[in-house]
Amino acid sequence: MTVTDRPSTERELTPTELPAAEKAHQWAESQVVKMQARSDQRLMDLTADRATRGAATNGAVALGQPIVNDYVAFDVACTSPIQFEGLPPYRPGKVIAGGEEAFIVAFLWVNPVVSVIDGFAVPPTVQLAGRRFRVALHELNITEATVGTNVVNPLQPATFGTPAASLTPFVFRIRPPDPGPNPKLFEANITVDVDRFAQPYAAFATNFFDVDDDPGFLFVPSSQAGFRHLLPNRYLVYSE
């Protein structure tokens with residue numbers, strides 16, 4: 001007896017029907033593609049500049065002219081909260097109603113470039129191959145000066161590939177409860193740590209990409225979406 005496959009009765013979800021978490025992961029992967037192209041170009045420019053300086057000084061540091069090493073081996077950045085509802089462009093999520101979902105996306109970067117003069121004859125992507133690590137979102141309830149509990153998945157352990165990928169996204173889901181009659185302010189910080197005593201790799205996000213265009217008002221100038229350096233990544237939760 002031959003059994004024939006019957007056509008599936010399940011229809012494919014439309015883009016607007018996809019769960020917010022799936023949209024967040026798709027968005028994160030699309031950003032990795034764009035960031036990879038930009039970072040590759042930046043690395044080529046830095047490598048060419050470093051080679052020029054090395055040729056001019058024969059690899060030595062001249063008196064009164066120290067070469068400032070600009071080699072970054074390992075770092076992490078993140079976004080401000082985003083709410084993935086409907087179709088893109090998705091809206092910022094820095095002001096969230098209790099019970100709604102928002103997502104913070106972190107991007108872990110590992111340098112793939114060999115630089116002997118900077119002490120990396122073996123690039124970090126090779127040094128970290130197969131190593132376990134942890135990416136975490138640490139949340140502070142500023143209003144009550146307590147640890148925040150809105151993040152569904154605050155700790156994400158993982159293992160580097162061989163070699164380690166130069167860019168990897170991590171999606172953190174925020175689902176705050178109703179705060180009651182008074183809104184609550186929260187701050188989010190991203191850290192990453194390699195789970196190996198002999199590997200001194202750790203970082204926290206000193207830069208985050210603010211997806212919110214602030215139009216400004218009265219005497220306050222407008223602010224375009226973009227990276228913020230050494231500023232707190234905060235969001236407000238209110239009751240509808």
# chains A, B, ... in the order shown; residues from 1 in each chain; ligands from 1
>>> select_by_dssp(residues="region 14-198 of chain A", states="alpha helix (DSSP H)", output="ChimeraX atom specification")
/A:20-57,124-127
>>> write_last_selection(atoms="N, CA and C atoms", output="CSV table (one decimal), in the first residue's frame")
chain,number,residue,atom,x,y,z
A,20,ALA,N,6.1,38.3,18.1
A,20,ALA,CA,7.0,39.4,18.3
A,20,ALA,C,8.5,38.9,18.5
A,21,ALA,N,8.6,37.8,19.2
A,21,ALA,CA,9.9,37.3,19.4
A,21,ALA,C,10.6,36.8,18.1
A,22,GLU,N,9.8,36.2,17.2
A,22,GLU,CA,10.4,35.8,15.9
A,22,GLU,C,10.8,37.0,15.1
A,23,LYS,N,10.0,38.1,15.1
A,23,LYS,CA,10.3,39.3,14.4
A,23,LYS,C,11.6,39.9,15.0
A,24,ALA,N,11.8,39.8,16.3
A,24,ALA,CA,13.0,40.4,16.9
A,24,ALA,C,14.2,39.6,16.4
A,25,HIS,N,14.1,38.3,16.4
A,25,HIS,CA,15.3,37.5,15.9
A,25,HIS,C,15.6,37.8,14.4
A,26,GLN,N,14.5,37.9,13.6
A,26,GLN,CA,14.7,38.2,12.2
A,26,GLN,C,15.4,39.5,12.0
A,27,TRP,N,14.9,40.5,12.8
A,27,TRP,CA,15.5,41.8,12.7
A,27,TRP,C,17.0,41.8,13.1
A,28,ALA,N,17.3,41.1,14.2
A,28,ALA,CA,18.6,41.0,14.7
A,28,ALA,C,19.6,40.4,13.7
A,29,GLU,N,19.1,39.3,13.0
A,29,GLU,CA,19.9,38.7,12.0
A,29,GLU,C,20.2,39.6,10.8
A,30,SER,N,19.1,40.4,10.4
A,30,SER,CA,19.3,41.3,9.3
A,30,SER,C,20.3,42.4,9.6
A,31,GLN,N,20.3,42.9,10.9
A,31,GLN,CA,21.3,43.9,11.3
A,31,GLN,C,22.7,43.3,11.3
A,32,VAL,N,22.9,42.1,11.6
A,32,VAL,CA,24.2,41.5,11.6
A,32,VAL,C,24.8,41.5,10.2
A,33,VAL,N,24.0,41.2,9.2
A,33,VAL,CA,24.5,41.3,7.8
A,33,VAL,C,25.0,42.7,7.5
A,34,LYS,N,24.2,43.7,7.9
A,34,LYS,CA,24.6,45.1,7.6
A,34,LYS,C,25.9,45.5,8.4
A,35,MET,N,25.9,45.1,9.7
A,35,MET,CA,27.0,45.5,10.5
A,35,MET,C,28.3,44.7,10.1
A,36,GLN,N,28.1,43.5,9.6
A,36,GLN,CA,29.3,42.7,9.2
A,36,GLN,C,30.0,43.4,8.0
A,37,ALA,N,29.2,43.9,7.1
A,37,ALA,CA,29.8,44.6,5.9
A,37,ALA,C,30.5,45.9,6.4
A,38,ARG,N,29.9,46.6,7.3
A,38,ARG,CA,30.6,47.9,7.8
A,38,ARG,C,31.8,47.6,8.6
A,39,SER,N,31.7,46.5,9.4
A,39,SER,CA,32.9,46.2,10.3
A,39,SER,C,34.0,45.7,9.5
A,40,ASP,N,33.7,44.9,8.4
A,40,ASP,CA,34.8,44.4,7.5
A,40,ASP,C,35.6,45.5,6.9
A,41,GLN,N,34.8,46.5,6.4
A,41,GLN,CA,35.4,47.7,5.7
A,41,GLN,C,36.3,48.5,6.7
A,42,ARG,N,35.7,48.6,8.0
A,42,ARG,CA,36.5,49.3,9.0
A,42,ARG,C,37.8,48.6,9.4
A,43,LEU,N,37.7,47.3,9.4
A,43,LEU,CA,38.9,46.5,9.8
A,43,LEU,C,40.0,46.6,8.7
A,44,MET,N,39.5,46.6,7.4
A,44,MET,CA,40.5,46.8,6.3
A,44,MET,C,41.2,48.1,6.4
A,45,ASP,N,40.4,49.2,6.7
A,45,ASP,CA,41.0,50.5,6.8
A,45,ASP,C,42.0,50.6,7.9
A,46,LEU,N,41.6,50.0,9.1
A,46,LEU,CA,42.5,50.1,10.2
A,46,LEU,C,43.8,49.2,10.0
A,47,THR,N,43.6,48.1,9.3
A,47,THR,CA,44.8,47.3,9.0
A,47,THR,C,45.7,48.0,8.1
A,48,ALA,N,45.2,48.6,7.1
A,48,ALA,CA,46.0,49.4,6.1
A,48,ALA,C,46.8,50.5,6.8
A,49,ASP,N,46.1,51.2,7.7
A,49,ASP,CA,46.7,52.3,8.5
A,49,ASP,C,47.8,51.8,9.4
A,50,ARG,N,47.5,50.7,10.1
A,50,ARG,CA,48.5,50.1,11.0
A,50,ARG,C,49.7,49.7,10.2
A,51,ALA,N,49.5,49.1,9.1
A,51,ALA,CA,50.7,48.6,8.3
A,51,ALA,C,51.5,49.8,7.8
A,52,THR,N,50.9,50.9,7.5
A,52,THR,CA,51.6,52.1,7.1
A,52,THR,C,52.4,52.7,8.2
A,53,ARG,N,51.8,52.7,9.4
A,53,ARG,CA,52.6,53.2,10.6
A,53,ARG,C,53.7,52.3,10.9
A,54,GLY,N,53.5,51.0,10.8
A,54,GLY,CA,54.5,50.0,11.1
A,54,GLY,C,55.7,50.1,10.2
A,55,ALA,N,55.4,50.4,8.9
A,55,ALA,CA,56.5,50.5,7.9
A,55,ALA,C,57.3,51.8,8.2
A,56,ALA,N,56.6,52.8,8.6
A,56,ALA,CA,57.3,54.1,8.9
A,56,ALA,C,58.2,54.1,10.1
A,57,THR,N,57.9,53.2,11.1
A,57,THR,CA,58.6,53.2,12.3
A,57,THR,C,59.4,51.9,12.5
A,124,PRO,N,41.6,37.0,18.2
A,124,PRO,CA,40.6,36.5,19.2
A,124,PRO,C,39.6,35.5,18.7
A,125,THR,N,39.2,35.6,17.4
A,125,THR,CA,38.3,34.6,16.9
A,125,THR,C,38.8,33.2,17.0
A,126,VAL,N,40.2,33.0,16.9
A,126,VAL,CA,40.8,31.7,17.1
A,126,VAL,C,41.0,31.4,18.6
A,127,GLN,N,41.5,32.4,19.3
A,127,GLN,CA,41.7,32.2,20.8
A,127,GLN,C,40.4,31.7,21.5
>>> atom_distance(atom1="CA of Phe170 (chain A)", atom2="CA of Phe107 (chain A)")
6.3 Å
>>> closest_atom_pairs(of="region 51-170 of chain A", to="region 194-210 of chain A", cutoff="8 Å", atoms="only C-alpha atoms", output="Markdown table")
| residue | atom | partner | partner_atom | distance |
| --- | --- | --- | --- | --- |
| A:Phe74 | CA | A:Tyr201 | CA | 7.2 |
| A:Asp75 | CA | A:Ala203 | CA | 5.8 |
| A:Val76 | CA | A:Ala205 | CA | 5.2 |
| A:Ala77 | CA | A:Ala205 | CA | 4.8 |
| A:Cys78 | CA | A:Phe208 | CA | 4.7 |
| A:Thr79 | CA | A:Phe209 | CA | 4.5 |
| A:Ser80 | CA | A:Asp210 | CA | 5.0 |
| A:Arg131 | CA | A:Val194 | CA | 7.0 |
| A:Arg132 | CA | A:Asp195 | CA | 5.3 |
| A:Phe133 | CA | A:Val194 | CA | 4.2 |
| A:Arg134 | CA | A:Val194 | CA | 6.5 |
>>> write_last_selection(atoms="C-alpha atoms", output="PDB file, in the first residue's frame")
ATOM      1  CA  PHE A  74      36.292  41.838  22.086  1.00  0.00           C
ATOM      2  CA  ASP A  75      33.303  44.086  22.714  1.00  0.00           C
ATOM      3  CA  VAL A  76      29.530  44.263  22.994  1.00  0.00           C
ATOM      4  CA  ALA A  77      26.886  46.854  22.117  1.00  0.00           C
ATOM      5  CA  CYS A  78      23.102  46.825  22.289  1.00  0.00           C
ATOM      6  CA  THR A  79      19.926  48.630  21.298  1.00  0.00           C
ATOM      7  CA  SER A  80      17.394  50.564  23.279  1.00  0.00           C
ATOM      8  CA  ARG A 131      34.998  28.568  24.632  1.00  0.00           C
ATOM      9  CA  ARG A 132      31.845  28.902  26.693  1.00  0.00           C
ATOM     10  CA  PHE A 133      30.602  32.368  27.554  1.00  0.00           C
ATOM     11  CA  ARG A 134      27.648  34.205  29.067  1.00  0.00           C
TER      12      ARG A 134
END
>>> closest_residue(among="A:Pro88, A:Pro183, A:Gly130, A:Pro19", to="Phe160 (chain A)", atoms="only C-alpha atoms")
A:Gly130
>>> closest_residue(among="A:Phe120, A:Tyr90, A:Phe103, A:Tyr71", to="Val171 (chain A)", atoms="only C-alpha atoms")
A:Phe103
>>> atom_distance(atom1="CA of Glu85 (chain A)", atom2="CA of Val151 (chain A)")
18.3 Å
>>> closest_residue(among="A:Leu108, A:Val147, A:Ala165, A:Ile174", to="Leu128 (chain A)", atoms="only C-alpha atoms")
A:Ala165
>>> select_by_dssp(residues="region 18-157 of chain A", states="strand (DSSP E or B)", output="ChimeraX atom specification")
/A:62,65,74-79,82-83,91-92,95-97,102-110,115,120,132-141,146-147,151,155-157
>>> write_last_selection(atoms="N, CA and C atoms", output="compact mmCIF listing (two decimals), in the first residue's frame")
# COMPACT_ATOMS: atom_id res chain seq x y z
N ALA A 62 58.84 55.41 18.35
CA ALA A 62 59.84 56.47 18.38
C ALA A 62 59.66 57.33 19.62
N GLN A 65 56.82 59.85 20.20
CA GLN A 65 55.75 59.54 19.25
C GLN A 65 55.19 58.15 19.53
N PHE A 74 37.52 42.48 21.62
CA PHE A 74 36.29 41.84 22.09
C PHE A 74 35.40 42.93 22.66
N ASP A 75 34.16 43.02 22.21
CA ASP A 75 33.30 44.09 22.71
C ASP A 75 31.84 43.71 22.51
N VAL A 76 30.96 44.50 23.11
CA VAL A 76 29.53 44.26 22.99
C VAL A 76 28.81 45.61 22.96
N ALA A 77 27.75 45.68 22.18
CA ALA A 77 26.89 46.85 22.12
C ALA A 77 25.45 46.35 22.09
N CYS A 78 24.50 47.26 22.27
CA CYS A 78 23.10 46.83 22.29
C CYS A 78 22.20 47.94 21.77
N THR A 79 20.92 47.65 21.72
CA THR A 79 19.93 48.63 21.30
C THR A 79 19.14 49.12 22.51
N ILE A 82 12.91 47.87 21.82
CA ILE A 82 12.15 47.96 20.58
C ILE A 82 10.90 47.10 20.73
N GLN A 83 9.78 47.59 20.21
CA GLN A 83 8.54 46.80 20.21
C GLN A 83 8.24 46.36 18.78
N ARG A 91 8.54 50.24 16.20
CA ARG A 91 8.55 51.44 17.02
C ARG A 91 9.44 51.27 18.25
N PRO A 92 10.01 52.38 18.72
CA PRO A 92 10.81 52.33 19.94
C PRO A 92 9.97 51.88 21.13
N VAL A 95 9.03 53.63 26.32
CA VAL A 95 7.87 53.87 27.18
C VAL A 95 6.91 52.72 26.92
N ILE A 96 6.77 51.81 27.89
CA ILE A 96 6.07 50.54 27.70
C ILE A 96 4.90 50.45 28.67
N ALA A 97 3.75 50.04 28.18
CA ALA A 97 2.62 49.77 29.06
C ALA A 97 2.83 48.43 29.76
N ALA A 102 8.68 44.12 24.89
CA ALA A 102 9.71 44.87 24.18
C ALA A 102 10.97 44.01 24.17
N PHE A 103 11.92 44.37 23.32
CA PHE A 103 13.13 43.56 23.18
C PHE A 103 14.36 44.46 23.12
N ILE A 104 15.42 44.01 23.77
CA ILE A 104 16.73 44.64 23.64
C ILE A 104 17.64 43.64 22.94
N VAL A 105 18.30 44.09 21.88
CA VAL A 105 19.17 43.21 21.11
C VAL A 105 20.63 43.59 21.38
N ALA A 106 21.42 42.61 21.78
CA ALA A 106 22.85 42.82 22.02
C ALA A 106 23.63 42.20 20.87
N PHE A 107 24.75 42.84 20.52
CA PHE A 107 25.62 42.35 19.45
C PHE A 107 27.03 42.16 20.01
N LEU A 108 27.47 40.92 20.03
CA LEU A 108 28.81 40.58 20.52
C LEU A 108 29.77 40.56 19.34
N TRP A 109 30.89 41.26 19.50
CA TRP A 109 31.88 41.35 18.42
C TRP A 109 33.21 40.79 18.87
N VAL A 110 33.81 39.93 18.03
CA VAL A 110 35.13 39.35 18.28
C VAL A 110 36.01 39.67 17.07
N SER A 115 47.20 40.86 14.43
CA SER A 115 48.00 42.08 14.60
C SER A 115 49.13 41.78 15.58
N PHE A 120 48.51 40.32 19.12
CA PHE A 120 47.53 39.32 18.71
C PHE A 120 48.01 38.59 17.46
N ARG A 132 33.18 28.56 26.20
CA ARG A 132 31.84 28.90 26.69
C ARG A 132 31.84 30.34 27.21
N PHE A 133 30.70 31.00 27.07
CA PHE A 133 30.60 32.37 27.55
C PHE A 133 29.16 32.67 27.94
N ARG A 134 28.98 33.80 28.60
CA ARG A 134 27.65 34.20 29.07
C ARG A 134 27.39 35.66 28.67
N VAL A 135 26.22 35.90 28.11
CA VAL A 135 25.77 37.26 27.85
C VAL A 135 24.57 37.50 28.77
N ALA A 136 24.59 38.61 29.49
CA ALA A 136 23.54 38.86 30.49
C ALA A 136 23.01 40.27 30.38
N LEU A 137 21.72 40.41 30.68
CA LEU A 137 21.11 41.73 30.80
C LEU A 137 20.84 41.97 32.28
N HIS A 138 21.51 42.96 32.84
CA HIS A 138 21.33 43.33 34.24
C HIS A 138 20.39 44.52 34.30
N GLU A 139 19.31 44.35 35.03
CA GLU A 139 18.27 45.37 35.04
C GLU A 139 18.14 45.99 36.44
N LEU A 140 18.03 47.30 36.47
CA LEU A 140 17.88 48.03 37.72
C LEU A 140 16.55 48.77 37.73
N ASN A 141 15.78 48.54 38.78
CA ASN A 141 14.56 49.31 39.01
C ASN A 141 14.99 50.60 39.71
N THR A 146 15.93 48.72 43.34
CA THR A 146 15.99 47.27 43.50
C THR A 146 16.38 46.63 42.16
N VAL A 147 16.67 45.34 42.20
CA VAL A 147 16.97 44.61 40.98
C VAL A 147 15.69 44.45 40.17
N VAL A 151 12.94 41.12 32.67
CA VAL A 151 13.55 40.38 31.57
C VAL A 151 13.24 38.90 31.70
N LEU A 155 19.87 35.78 31.37
CA LEU A 155 21.18 35.16 31.21
C LEU A 155 21.14 34.19 30.04
N GLN A 156 22.06 34.38 29.08
CA GLN A 156 22.09 33.53 27.89
C GLN A 156 23.48 32.93 27.72
N PRO A 157 23.69 31.70 28.21
CA PRO A 157 24.98 31.03 28.00
C PRO A 157 25.08 30.52 26.57
>>> residues_around(residues="region 230-235 of chain A", least_positions_apart="5", cutoff="6 Å", atoms="only C-alpha atoms", output="number ranges by chain")
A: 94-95, 185-188, 206
